[in-house]
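Asks: This structure is in structure tokens; I'll ask about it shortly.
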Amino acid sequence: MDLDPWSLLKASLEGDDSGTSILSIDKITKKFEFILKNQLFESLESGFDLDGFLTNKIDNTNFSRELIYKKDGIILESSFGKFNLPGQNENKEYTKFSIKDITTKQRQEEEIAWRLRFELGVASSIQILIQQPSIRDGLPHALYQLLYFTEMDSIFFLKYEPVENIDKFHVWVNERKTTKYPPLPKELHNADWYDLGLGRWVHKLKKEKSIYLARDKALTREKWFFDQTKAETLLLIPVRFEKRFLGVMGFLKYKQNSPIHPENLMIYQSVSRWMGLFVQRDMDITELNRYKSTLESLVLERTLDLTKTKEELERAYKVKTEFLAHMSHELRTPLNSIIGFSKLIDLPATDETGKEYLNYIYTGGTRLLNMINEILNLMKIESGQIKIQITTFKPEDICRQTLELIQPQANAKGMDIRFRPPIQSKPLTSDSGKIQQILLNLLSNAIKYANQPYIEVDCEWIHDLLTISVRDFGPGISEEDQNRIFHTFTRLNDDGKIEGTGLGLSISQGLAIRLGGSLELVSQVGQGSNFKLKLPEIIK
Ligand code: ADP
């Protein structure tokens with residue numbers, strides 16, 4: 001058997017999964033010639049300048065891997081591998097030269113790289129929009145970013161702004177990869193698209209349909225758009241939020257016969273979906289800001305109104321207080337004379353009618369004087385003019401003195417007053433006169449309104465708080481009336497039988513507060529009433 005090494009080598013090359021050849025290269029002249037080629041090599045070597053490629057490589061002694069892009073779209077990967085032959089000519093060297101069809105692999109890689117790039121574009125433009133407080137500021141930048149990473153040449157966003165049922169769009173953004181191409185036609189701004197011959201597009205977009213149109217498929221009336229933009233392919237996608245039509249995302253391609261890949265269409269659609277989200281967010285924020293500023297000016301207006309009203313009220317109140325104080329004083333002098341003189345008039349014992357009338361004058365006058373005194377009192381409390389005289393005393397002493405004063409009234413109704421002093425006596429620093437005034441009020445009410453055999457008065461210390469409670473076992477006061485009775489001129493069941501002005505409790509409560517304490521009521525209908533005066537040990 002003939003073991004010629006070249007035949008052996010040739011046989012081994014046929015088993016290769018790439019096109020393989022053996023080159024002999026002249027070290028001095030750099031000339032080369034093929035010694036062997038396998039069949040695969042022969043089928044791949046046409047369609048590109050093989051000689052030129054090899055001359056270049058060998059001249060530059062550059063034996064690195066390189067891709068060869070053939071005219072028919074096939075991509076070859078070339079590689080070299082030097083080797084030595086036993087007894088070879090010193091001026092010659094041998095190298096294995098392989099070419100491998102990697103078109104599919106390469107295309108896949110390119111596709112993946114492209115998709116990654118696209119997704120990167122989408123992500124970075126979303127990021128820009130998220131960071132911007134207003135979409136109007138961020139949108140041009142974001143869309144330019146997106147455009148840069150896509151196959152498209154121009155991108156635009158049209159905000160839907162209908163005016164009185166006319167479909168109009170406002171061009172918010174119009175970015176192009178190069179200024180070589182014209183911007184969107186001016187006619188598109190704020191015009192009725194039906195007048196522009198683009199009614200079909202609006203109609204479709206509003207029905208949530210995208211428009212993907214090549215120049216040669218456009219209707220005659222739509223052609224002007226392609227002429228003016230110089231675009232070959234148009235893609236319009238409706239931008240919505242929930243069911244609301246907010247605008248249109250548009251893309252243009254200027255190259256002829258370069259359709260948009262269906263998979264990419266989906267990405268453009270998802271881009272339009274997040275656009276809807278951002279546009280809606282922007283509209284919400286604008287709306288919110290409008291509300292906010294209206295609210296702010298409204299609040300300001302109201303505050304001014306209120307300040308004015310408050311000032312007016314205060315002025316009116318001051319005038320009223322001064323008037324009442326003045327009037328009360330003016331009234332008291334002649335009233336005192338009326339009361340005094342009615343006592344002095346001495347009518348003959350036989351003049352029964354005269355005596356009766358005189359009595360009317362006396363009691364009526366006294367009642368009026370009481371009322372005037374109470375009003376004056378209230379005015380002083382309300383206007384803060386009331387003077388407090390602070391001394392230190394035993395509260396049980398004040399209670400006893402007050403009970404003595406009220407005793408005649410209680411006796412007149414056959415009522416008993418049961419008093420319980422504190423278990424441990426402790427001095428109180430407060431205004432004893434005011435405390436007495438409050439107690440007199442509470443006690444006279446208990447005598448007036450509770451027709452029961454006795455009243456209980458308890459004076460006790462609970463920690464640093466003095467509580468004097470005046471408790472009767474009369475009709476009691478309903479929960480609803482419990483707050484009301486502390487208001488001025490409030491009288492319950494006022495049938496004119498029991499004398500009163502409806503001022504006693506409001507004066508008493510005002511005084512209690514002025515003394516740093518409170519006046520509270522615990523009562524239930526049918527169970528009697530318990531008025532509790534609570535006072536701090538030392539008035540502040
Ligand atoms: P006046 O006694 O002058 O009417 P007050 O302010 O002292 O005014 O009392 C307001 C109203 O509260 C009274 O008219 C009365 O209806 C009710 N009231 C006060 N004290 C009692 C009480 N001890 N029992 C039942 N009702 C009372």
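Residues in the structure tokens are numbered from 1 in each chain, the chains being A, B, ... in the order shown, and ligands are numbered from 1 in the order shown.
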Residues within 9 Å of region 502-511 of chain A, please, as number ranges by chain. Count only C-alpha atoms; anything in the same chain fewer than 6 positions from it doesn't count.

Replies: A: 371, 374-375, 377-378, 381-382, 386, 434-435, 437-439, 441-442, 445, 485-492, 517-520, 533

Asks: Write out as a VMD selection string which residues come within 8 Å of Ile128 (chain A) when counting only C-alpha atoms, dropping same-chain ones fewer than 6 positions away.

Replies: chain A and resid 138 141 to 142

Asks: Using the selection just defined, write its residues with N, CA, C and O atoms as an mmCIF file, in the first residue's frame.

Replies:
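out-v4.cif, freshly written:
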data_model
loop_
_atom_site.group_PDB
_atom_site.id
_atom_site.type_symbol
_atom_site.label_atom_id
_atom_site.label_comp_id
_atom_site.auth_asym_id
_atom_site.auth_seq_id
_atom_site.Cartn_x
_atom_site.Cartn_y
_atom_site.Cartn_z
ATOM 1 N N GLY A 138 -39.075 64.998 30.649
ATOM 2 C CA GLY A 138 -38.274 63.796 30.435
ATOM 3 C C GLY A 138 -38.497 63.115 29.095
ATOM 4 O O GLY A 138 -37.637 62.386 28.613
ATOM 5 N N HIS A 141 -35.923 63.280 25.944
ATOM 6 C CA HIS A 141 -34.703 62.542 26.251
ATOM 7 C C HIS A 141 -34.960 61.032 26.233
ATOM 8 O O HIS A 141 -34.215 60.255 25.635
ATOM 9 N N ALA A 142 -36.069 60.634 26.881
ATOM 10 C CA ALA A 142 -36.400 59.208 26.989
ATOM 11 C C ALA A 142 -36.645 58.598 25.614
ATOM 12 O O ALA A 142 -36.169 57.506 25.311
#

Asks: Output as a PDB file with N, CA and C atoms, in the first residue's frame all residues of region 185-332 of chain A that backbone DSSP marks as strand (DSSP E).

Replies:
ATOM      1  N   ILE A 211     -51.442  51.007  13.419  1.00  0.00           N
ATOM      2  CA  ILE A 211     -51.347  51.193  11.967  1.00  0.00           C
ATOM      3  C   ILE A 211     -49.919  50.909  11.555  1.00  0.00           C
ATOM      4  N   TYR A 212     -49.762  49.976  10.636  1.00  0.00           N
ATOM      5  CA  TYR A 212     -48.438  49.621  10.137  1.00  0.00           C
ATOM      6  C   TYR A 212     -48.537  49.722   8.637  1.00  0.00           C
ATOM      7  N   LEU A 213     -47.928  50.766   8.081  1.00  0.00           N
ATOM      8  CA  LEU A 213     -48.211  51.106   6.695  1.00  0.00           C
ATOM      9  C   LEU A 213     -46.932  51.441   5.938  1.00  0.00           C
ATOM     10  N   ALA A 214     -46.776  50.802   4.777  1.00  0.00           N
ATOM     11  CA  ALA A 214     -45.654  51.153   3.899  1.00  0.00           C
ATOM     12  C   ALA A 214     -46.155  52.166   2.882  1.00  0.00           C
ATOM     13  N   THR A 233     -41.779  53.620   5.818  1.00  0.00           N
ATOM     14  CA  THR A 233     -42.652  52.792   6.647  1.00  0.00           C
ATOM     15  C   THR A 233     -43.110  53.606   7.855  1.00  0.00           C
ATOM     16  N   LEU A 234     -44.398  53.435   8.188  1.00  0.00           N
ATOM     17  CA  LEU A 234     -44.971  54.156   9.318  1.00  0.00           C
ATOM     18  C   LEU A 234     -45.585  53.160  10.295  1.00  0.00           C
ATOM     19  N   LEU A 235     -45.333  53.399  11.578  1.00  0.00           N
ATOM     20  CA  LEU A 235     -45.985  52.578  12.604  1.00  0.00           C
ATOM     21  C   LEU A 235     -46.619  53.523  13.619  1.00  0.00           C
ATOM     22  N   LEU A 236     -47.938  53.407  13.777  1.00  0.00           N
ATOM     23  CA  LEU A 236     -48.651  54.229  14.768  1.00  0.00           C
ATOM     24  C   LEU A 236     -49.312  53.287  15.761  1.00  0.00           C
ATOM     25  N   ILE A 237     -49.074  53.514  17.060  1.00  0.00           N
ATOM     26  CA  ILE A 237     -49.683  52.647  18.081  1.00  0.00           C
ATOM     27  C   ILE A 237     -50.479  53.522  19.050  1.00  0.00           C
ATOM     28  N   PRO A 238     -51.741  53.154  19.310  1.00  0.00           N
ATOM     29  CA  PRO A 238     -52.520  53.979  20.244  1.00  0.00           C
ATOM     30  C   PRO A 238     -51.963  53.879  21.663  1.00  0.00           C
ATOM     31  N   VAL A 239     -51.950  54.997  22.359  1.00  0.00           N
ATOM     32  CA  VAL A 239     -51.511  55.012  23.752  1.00  0.00           C
ATOM     33  C   VAL A 239     -52.756  55.193  24.607  1.00  0.00           C
ATOM     34  N   ARG A 240     -52.960  54.261  25.507  1.00  0.00           N
ATOM     35  CA  ARG A 240     -54.171  54.312  26.324  1.00  0.00           C
ATOM     36  C   ARG A 240     -53.844  54.132  27.783  1.00  0.00           C
ATOM     37  N   PHE A 241     -54.781  54.540  28.625  1.00  0.00           N
ATOM     38  CA  PHE A 241     -54.715  54.130  30.022  1.00  0.00           C
ATOM     39  C   PHE A 241     -56.096  53.612  30.356  1.00  0.00           C
ATOM     40  N   ARG A 244     -59.080  54.722  28.274  1.00  0.00           N
ATOM     41  CA  ARG A 244     -58.982  56.109  27.813  1.00  0.00           C
ATOM     42  C   ARG A 244     -57.911  56.280  26.744  1.00  0.00           C
ATOM     43  N   PHE A 245     -58.275  56.870  25.618  1.00  0.00           N
ATOM     44  CA  PHE A 245     -57.350  57.115  24.524  1.00  0.00           C
ATOM     45  C   PHE A 245     -56.571  58.387  24.807  1.00  0.00           C
ATOM     46  N   LEU A 246     -55.248  58.275  24.990  1.00  0.00           N
ATOM     47  CA  LEU A 246     -54.453  59.430  25.430  1.00  0.00           C
ATOM     48  C   LEU A 246     -53.577  60.016  24.342  1.00  0.00           C
ATOM     49  N   GLY A 247     -53.286  59.204  23.320  1.00  0.00           N
ATOM     50  CA  GLY A 247     -52.415  59.733  22.275  1.00  0.00           C
ATOM     51  C   GLY A 247     -51.873  58.623  21.403  1.00  0.00           C
ATOM     52  N   VAL A 248     -50.819  58.957  20.648  1.00  0.00           N
ATOM     53  CA  VAL A 248     -50.276  58.014  19.677  1.00  0.00           C
ATOM     54  C   VAL A 248     -48.754  58.005  19.754  1.00  0.00           C
ATOM     55  N   MET A 249     -48.196  56.801  19.784  1.00  0.00           N
ATOM     56  CA  MET A 249     -46.750  56.653  19.652  1.00  0.00           C
ATOM     57  C   MET A 249     -46.493  56.385  18.176  1.00  0.00           C
ATOM     58  N   GLY A 250     -45.565  57.093  17.564  1.00  0.00           N
ATOM     59  CA  GLY A 250     -45.317  56.905  16.144  1.00  0.00           C
ATOM     60  C   GLY A 250     -43.855  56.589  15.870  1.00  0.00           C
ATOM     61  N   PHE A 251     -43.623  55.769  14.846  1.00  0.00           N
ATOM     62  CA  PHE A 251     -42.269  55.403  14.454  1.00  0.00           C
ATOM     63  C   PHE A 251     -42.173  55.487  12.938  1.00  0.00           C
ATOM     64  N   LEU A 252     -41.044  55.973  12.424  1.00  0.00           N
ATOM     65  CA  LEU A 252     -40.841  56.039  10.978  1.00  0.00           C
ATOM     66  C   LEU A 252     -39.533  55.353  10.619  1.00  0.00           C
ATOM     67  N   LYS A 253     -39.562  54.740   9.427  1.00  0.00           N
ATOM     68  CA  LYS A 253     -38.348  54.130   8.890  1.00  0.00           C
ATOM     69  C   LYS A 253     -38.148  54.710   7.505  1.00  0.00           C
TER      70      LYS A 253
END

Asks: As a PyMOL selection string, please: every residue in region 33-252 of chain A that a backbone DSSP assignment puts in helix (DSSP H, G or I).

Replies: chain A and resi 39-44+50-59+103-131+135-149+186-188+199-206+215-217+220-229

Asks: Find the residues near Phe393 (chain A): any atom within 8 Å, counting only C-alpha atoms, skip ones fewer than 4 places away on the same chain, and give them as JSON, numbers by chain.

Replies: {"A": [397, 427, 428, 429, 432]}

Asks: Within 10 Å of region 194-198 of chain A, counting only C-alpha atoms, which residues show up once you throw out same-chain ones fewer than 4 positions away? Write them as a count of residues only, please.

Replies: 14

Asks: Using only C-alpha atoms, determine which residues lie at most 12 Å from Ala446 (chain A), disregarding the query and same-chain residues fewer than 5 positions distant; provide the list as JSON, numbers by chain.

Replies: {"A": [406, 409, 410, 413, 415, 416, 417, 439, 440, 441, 451, 452, 453, 454, 455, 456, 457, 469, 470, 471, 472, 473, 474, 475, 476, 477, 505, 528, 529, 530, 531]}

Asks: Keeping C-alpha atoms, export the residues of the selection given above as a short mmCIF file (atom, residue, chain, number, x, y, z; two decimals), in the first residue's frame.

Replies:
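The new file out.cif reads:
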data_model
loop_
_atom_site.label_atom_id
_atom_site.label_comp_id
_atom_site.auth_asym_id
_atom_site.auth_seq_id
_atom_site.Cartn_x
_atom_site.Cartn_y
_atom_site.Cartn_z
CA ILE A 406 -79.20 80.01 101.95
CA GLN A 409 -84.69 79.85 101.43
CA ALA A 410 -84.43 76.16 102.31
CA LYS A 413 -89.58 75.20 101.33
CA MET A 415 -85.92 71.49 102.98
CA ASP A 416 -83.01 70.20 104.99
CA ILE A 417 -79.35 70.66 103.95
CA LEU A 439 -72.38 77.50 95.66
CA LEU A 440 -75.25 79.95 96.22
CA ASN A 441 -76.31 79.44 92.62
CA ASN A 451 -89.01 69.54 95.71
CA GLN A 452 -87.48 66.96 98.03
CA PRO A 453 -86.96 66.82 101.81
CA TYR A 454 -83.22 67.35 101.71
CA ILE A 455 -80.09 68.37 99.79
CA GLU A 456 -76.60 66.91 100.31
CA VAL A 457 -73.46 69.06 100.24
CA SER A 469 -70.84 68.53 95.28
CA VAL A 470 -74.37 69.83 95.64
CA ARG A 471 -76.72 66.92 95.26
CA ASP A 472 -80.50 66.98 95.13
CA PHE A 473 -83.05 64.21 94.64
CA GLY A 474 -85.36 66.13 92.34
CA PRO A 475 -86.45 65.54 88.73
CA GLY A 476 -82.89 65.25 87.34
CA ILE A 477 -81.75 66.47 83.94
CA LEU A 505 -75.18 78.06 85.60
CA GLY A 528 -81.82 63.91 90.96
CA SER A 529 -78.83 66.04 90.02
CA ASN A 530 -75.30 66.21 91.34
CA PHE A 531 -73.35 69.39 90.44
#

Asks: Between A:Leu40, A:Val525, A:Ile390, A:Ile539, single out the one closest to ligand 1, counting only C-alpha atoms and all ligand atoms.

Replies: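 Ranked by minimum distance to ligand 1, first place goes to A:Val525.
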
Asks: Please list as JSON, numbers by chain every residue within 12 Å of Gln39 (chain A), counting only C-alpha atoms and excluding residues in the same chain fewer than 5 positions away.

Replies: {"A": [10, 11, 12, 13, 14, 15, 16, 17, 18, 19, 20, 21, 44, 45, 98, 99]}

Asks: Would you mind exporting the chosen residues as a tab-separated table (two decimals), in the first residue's frame, restricted to N, CA and C atoms?

Replies:
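To be explicit, this is the file written out as again.tsv:
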chain	number	residue	atom	x	y	z
A	10	LYS	N	-5.00	14.24	2.77
A	10	LYS	CA	-6.22	14.55	2.00
A	10	LYS	C	-7.39	13.74	2.51
A	11	ALA	N	-7.12	12.46	2.77
A	11	ALA	CA	-8.19	11.59	3.28
A	11	ALA	C	-8.70	12.09	4.63
A	12	SER	N	-7.78	12.53	5.47
A	12	SER	CA	-8.21	12.96	6.82
A	12	SER	C	-9.02	14.25	6.75
A	13	LEU	N	-8.68	15.11	5.72
A	13	LEU	CA	-9.40	16.39	5.63
A	13	LEU	C	-10.88	16.21	5.31
A	14	GLU	N	-11.17	15.11	4.57
A	14	GLU	CA	-12.57	14.91	4.18
A	14	GLU	C	-13.48	14.71	5.39
A	15	GLY	N	-12.87	14.24	6.47
A	15	GLY	CA	-13.68	14.02	7.68
A	15	GLY	C	-13.99	15.29	8.45
A	16	ASP	N	-13.36	16.42	8.10
A	16	ASP	CA	-13.56	17.68	8.83
A	16	ASP	C	-14.99	18.22	8.65
A	17	ASP	N	-15.50	18.88	9.69
A	17	ASP	CA	-16.84	19.48	9.53
A	17	ASP	C	-16.73	20.93	9.03
A	18	SER	N	-15.49	21.35	8.72
A	18	SER	CA	-15.35	22.66	8.07
A	18	SER	C	-14.58	22.49	6.77
A	19	GLY	N	-14.68	23.50	5.89
A	19	GLY	CA	-13.93	23.45	4.64
A	19	GLY	C	-12.46	23.65	4.95
A	20	THR	N	-11.65	22.66	4.61
A	20	THR	CA	-10.24	22.74	4.98
A	20	THR	C	-9.34	22.64	3.76
A	21	SER	N	-8.24	23.40	3.82
A	21	SER	CA	-7.27	23.34	2.72
A	21	SER	C	-5.88	23.39	3.32
A	44	LEU	N	-17.57	26.05	-0.46
A	44	LEU	CA	-17.71	27.31	0.28
A	44	LEU	C	-16.88	28.45	-0.30
A	45	GLU	N	-15.84	28.12	-1.10
A	45	GLU	CA	-14.84	29.14	-1.43
A	45	GLU	C	-15.30	30.19	-2.44
A	98	SER	N	-8.80	26.91	7.22
A	98	SER	CA	-10.17	26.38	7.27
A	98	SER	C	-11.20	27.51	7.17
A	99	ILE	N	-12.31	27.20	6.49
A	99	ILE	CA	-13.45	28.14	6.48
A	99	ILE	C	-14.69	27.37	6.91

Asks: So which residues touch Phe48 (chain A) within 9 Å, counting only C-alpha atoms, skipping near sequence neighbours fewer than 4 positions away, as a JSON list (two decimals) with N, CA, C and O atoms, in the first residue's frame?

Replies:
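Dumped to result-v1.json:
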[["chain", "number", "residue", "atom", "x", "y", "z"],
["A", 52, "GLY", "N", -7.61, 37.63, -2.70],
["A", 52, "GLY", "CA", -7.35, 38.93, -2.07],
["A", 52, "GLY", "C", -7.25, 38.78, -0.55],
["A", 52, "GLY", "O", -6.36, 39.34, 0.09],
["A", 53, "PHE", "N", -8.18, 38.00, 0.01],
["A", 53, "PHE", "CA", -8.23, 37.79, 1.46],
["A", 53, "PHE", "C", -6.92, 37.17, 1.96],
["A", 53, "PHE", "O", -6.30, 37.65, 2.91],
["A", 68, "ILE", "N", -15.77, 36.25, 7.40],
["A", 68, "ILE", "CA", -15.88, 36.66, 5.99],
["A", 68, "ILE", "C", -17.38, 36.73, 5.67],
["A", 68, "ILE", "O", -18.11, 35.76, 5.87],
["A", 69, "TYR", "N", -17.81, 37.90, 5.26],
["A", 69, "TYR", "CA", -19.23, 38.07, 4.91],
["A", 69, "TYR", "C", -19.36, 37.94, 3.40],
["A", 69, "TYR", "O", -18.90, 38.80, 2.66],
["A", 70, "LYS", "N", -20.00, 36.88, 2.97],
["A", 70, "LYS", "CA", -20.13, 36.67, 1.51],
["A", 70, "LYS", "C", -21.34, 37.43, 0.99],
["A", 70, "LYS", "O", -22.25, 37.79, 1.74],
["A", 71, "LYS", "N", -21.31, 37.69, -0.34],
["A", 71, "LYS", "CA", -22.39, 38.49, -0.93],
["A", 71, "LYS", "C", -23.76, 37.83, -0.76],
["A", 71, "LYS", "O", -24.78, 38.50, -0.62]]

Asks: Rounded to one decimal place, report the CA of Arg65 (chain A)-CA of Phe41 (chain A) distance in Å.

Replies: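 Atom-to-atom, CA of Arg65 (chain A) to CA of Phe41 (chain A), that is 16.5 Å.
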
Asks: Can you measure CA of Val279 (chain A) to CA of Met266 (chain A) for me? One decimal in Å is fine.

Replies: 19.9 Å

Asks: Kindly give the distance, in Å, that separates CA of Leu50 (chain A) and CA of Ile75 (chain A), rounded to a single decimal.

Replies: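 Straight-line distance from CA of Leu50 (chain A) to CA of Ile75 (chain A) works out to 13.5 Å.
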
Asks: Of the candidates A:Tyr449, A:Phe149, A:Trp461, A:Phe226, which one gets nearest to ligand 1 if we count only C-alpha atoms and all ligand atoms?

Replies: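 So, comparing all the options, the nearest one is A:Tyr449.
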
Asks: Counting only C-alpha atoms and all ligand atoms, figure out which residue out of A:Glu356, A:Asp284, A:Glu479, A:Glu311 gets nearest to ligand 1.

Replies: A:Glu479
